[in-house]
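Trainee: After the structure tokens below, expect a handful of questions from me.
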Amino acid sequence: MSRVLGELAVLDDVGPPRRGRAYPAAGATSALLLPALLLLGGLVAWPVLRTLHASVTTDGRWVGAEHFRTALAAPGTGAVVGRTLLWALLVPAVVTVLGYLLAAASRRSQEGGLVRLILVVPTALPLVVTGVTFRLMYDPDPERGLATLVAATLTGRPAADAPQLLGPGLVTVALMSAFVWAWVGLAVLVFRAALDAVPPSLADAVRAYGGNRRDVLWDAQWRPLLLRTVAVVFTLAALGTARTFDLILVMTPGSVRDEASVLALRVWQTSNGATTGEGAALGVVWLVAVAAGMLVAALFVRQAWPPPRDPVPVAPEPVAPAPRRTTRLLVAGAAVAWLVPLGVLLATSLHGTVDAAARGWWWSPPGLDSYRELLTGAELWRTLGFTLVLATVVTAVVLGVALLAAYPLAWLTGPPAQATGLLLMAASIVPVQVIAGPVNEVLGVVLSSGTARGLALVHVALGVPFAVLVLRNAFADLPAEQVRAARVGGRHWWGTLRLLARHNRPAVVAVAVLEFVQVWNDLVVGLLFSGPGALPLGLFLAGQTRGFAANSGALAAGSVIASVLPVLLVVLARRQLVAGLVAGGVR
């Protein structure tokens, strides 16, 4: 900084290559990146390399592709791989199409806000709760399963011959329906933000040149913005299908689990949290598939989103017409359909243990017996308190580590910035089942295996890459005048970082809320790394599903209690979530 004609001037520009004192020096940059590098190196990168090594060796001896041949030749593996590909292609396509249709249909209508709110609620539910909800709905006994009763009525069959939605032939379809129900709300939010960013005048211009409805859809919506939004939504849903482990473990009866198995479950069944050759080989196959999908998706989402701001004032856009009656009916029908599973869960929770086990919720009057029985026990309170402390501590650590690392990375440009983004994306999508064995080896070295401290370390290591990616992109997307003002006000890099974090409040809120909800809703990390004194909420609920019919009342009540906090957080912060996630796009 210097004084020019009596005014304060910032001589260093916004970005590289010049550095002012608001930038961290080389030594400070290394210190800022060190916590993230240690976590990612020790609990992500090294475990991936260890898995690769275990897939081609036995007791340190090179065996080449032997483990791959054995694992792939095992009975049912071909079906498992094919089913995994089906999940990765079909389910994201359905989520994307439904998300766009519902986002477009719920615009400019009085009931649109309420509909979007209803659709968002399942997004915040733990997948364990989603599994419990749909298992209650799809119970094969028409006396208890609402969907089974409706299917029997619609097909005109006797109750004993009703279609078995959780039977071998339909279990995968049932699981996919539960996943779509849980994820469409996120797609609606992202598409709504994209549609709001498209000026209505574009459609008028297309019509003025003789364009028809198809031309308006393509030239005024898809080409300007929505193509890359589709890529983002499809990629998020495809990566989310790696978490089908929770759904399959909770929702499917043990007798049909093999018919629903995907790589997420098969890797866990093969290795059971240890480092084995066949488990490592399957994990490498899974890693290669996920990495290939990430690279393909990166080609479509490199452009920043939202588009650059226009500093020139423009005339008000014309008000678009209200949606048609059929569109509004579609939206209302979707809202009702999305409320049914939530109603089933809540209604089941309002019945006692005996009533819920014997009959469906519609056969007897409601009561609070299940809640009373659950809340008078000490185990639920203990696991709620442990999960609350775990999620709070992990969120605070992830946010601190990510802010420190994102600040120096935000000023990279060109190939270094692109390479850093790809590495962070790759670290964000590594399936935890693939690296569970090596991670347990690392935790054993640092005396944290099976402890609350070890569980927290794993959560932090898995949450840091995504948090750094979001915050780095948000910092890099800040307007130049805000960065200059922060450098003048901060005087040093730590003051600048604090001011920039204030300017990036949506991204900070998005990272904090998503990390807290992720830890609160987790099952697989707790299953693989918790010990006797560290029982998270997801693992507690999953344990109650062993005697599903007998425990259905208390299990439904516990699911409702477990869902209150994440639903409140996501609903209250939904606007900041979308704004924070899309700030800076994927660079």
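Here, A, B, ... name the chains of the structure tokens in the order displayed, residue numbers run from 1 inside each chain, and ligands are numbered from 1 in the same displayed order.
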Would you give me, as a Markdown table, each residue of segment 409-438 of chain A having an atom within 8 Å of an atom of segment 524-530 of chain A, along with its shortest atom pair and that distance in Å to one decimal, using only C-alpha atoms and sorting by chain and residue number?
Mentor:
| residue | atom | partner | partner_atom | distance |
| --- | --- | --- | --- | --- |
| A:Val432 | CA | A:Val525 | CA | 7.3 |
| A:Gln433 | CA | A:Val524 | CA | 7.9 |
| A:Ala436 | CA | A:Leu528 | CA | 6.9 |
Trainee: Between A:Ala105, A:Val434, A:Ala512, A:Val354, which residue has the minimum interatomic distance to Asn272 of chain A, considering only C-alpha atoms?
Mentor: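 For Asn272 of chain A, the nearest of the given residues is A:Val434.
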Trainee: So, counting only C-alpha atoms, which residue among A:Gly240, A:Glu143, A:Leu388, A:Phe475 is closest to Ala456 of chain A?
Mentor: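 For Ala456 of chain A, the nearest of the candidates is A:Leu388.
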Trainee: In terms of the shortest atom-to-atom distance over only C-alpha atoms, which of A:Pro566, A:Pro536, A:Gly113, A:Pro365 is closest to Leu380 of chain A?
Mentor: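 Between A:Pro566, A:Pro536, A:Gly113, A:Pro365, the residue approaching Leu380 of chain A most closely is A:Pro536.
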Trainee: Would you list the contacts of segment 548-556 of chain A as an MDAnalysis selection string, taking every protein, DNA or RNA residue within 10 Å and counting only C-alpha atoms, but skipping same-chain residues closer than 5 positions in sequence?
Mentor: chainID A and resid 129 132:133 135:136 139 144 250:251 253 344:359 361 368:375 540:543 561:562
Trainee: Please produce, as a tab-separated table, a per-residue contact table for segment 170-205 of chain A versus segment 257-269 of chain A (criterion: any atom at most 9 Å away, only C-alpha atoms considered), showing the nearest atom pair and its distance in Å to one decimal, sorted by chain then residue number.
Mentor:
residue	atom	partner	partner_atom	distance
A:Val171	CA	A:Ala260	CA	6.3
A:Thr172	CA	A:Ala260	CA	5.5
A:Leu175	CA	A:Ala260	CA	8.3
Trainee: If we count only C-alpha atoms, what is near Ala467 of chain A at a cut-off of 10 Å, once residues fewer than 4 positions away on the same chain are taken out, given as a list in words?
Mentor: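 Near neighbours after the sequence-gap exclusion: Val398, Leu399, Gly400, Val401, Ala402, Leu403, Ala405, Ala406, Leu424, Ser428, Leu462, Gly463, Leu471, Arg472, Ala507, Val508, Ala510, Val511, Ala512, Leu514, Glu515 and Leu581 of chain A.
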Trainee: Write down as a ChimeraX atom specification the residues of segment 45-185 of chain A whose backbone DSSP state falls under strand (DSSP E).
Mentor: /A:57-58,61-62
Trainee: Which of these residues is nearest to Thr29 of chain A, using only C-alpha atoms: A:Pro408, A:Pro415, A:Gly112, A:Gly547?
Mentor: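 Between A:Pro408, A:Pro415, A:Gly112, A:Gly547, the residue approaching Thr29 of chain A most closely is A:Pro408.
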Trainee: Of the candidates A:Leu43, A:Ala65, A:Ala396, A:Ala335, which shows the shortest atom-to-atom distance to Val115 of chain A, using only C-alpha atoms?
Mentor: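 Between A:Leu43, A:Ala65, A:Ala396, A:Ala335, the residue approaching Val115 of chain A most closely is A:Ala335.
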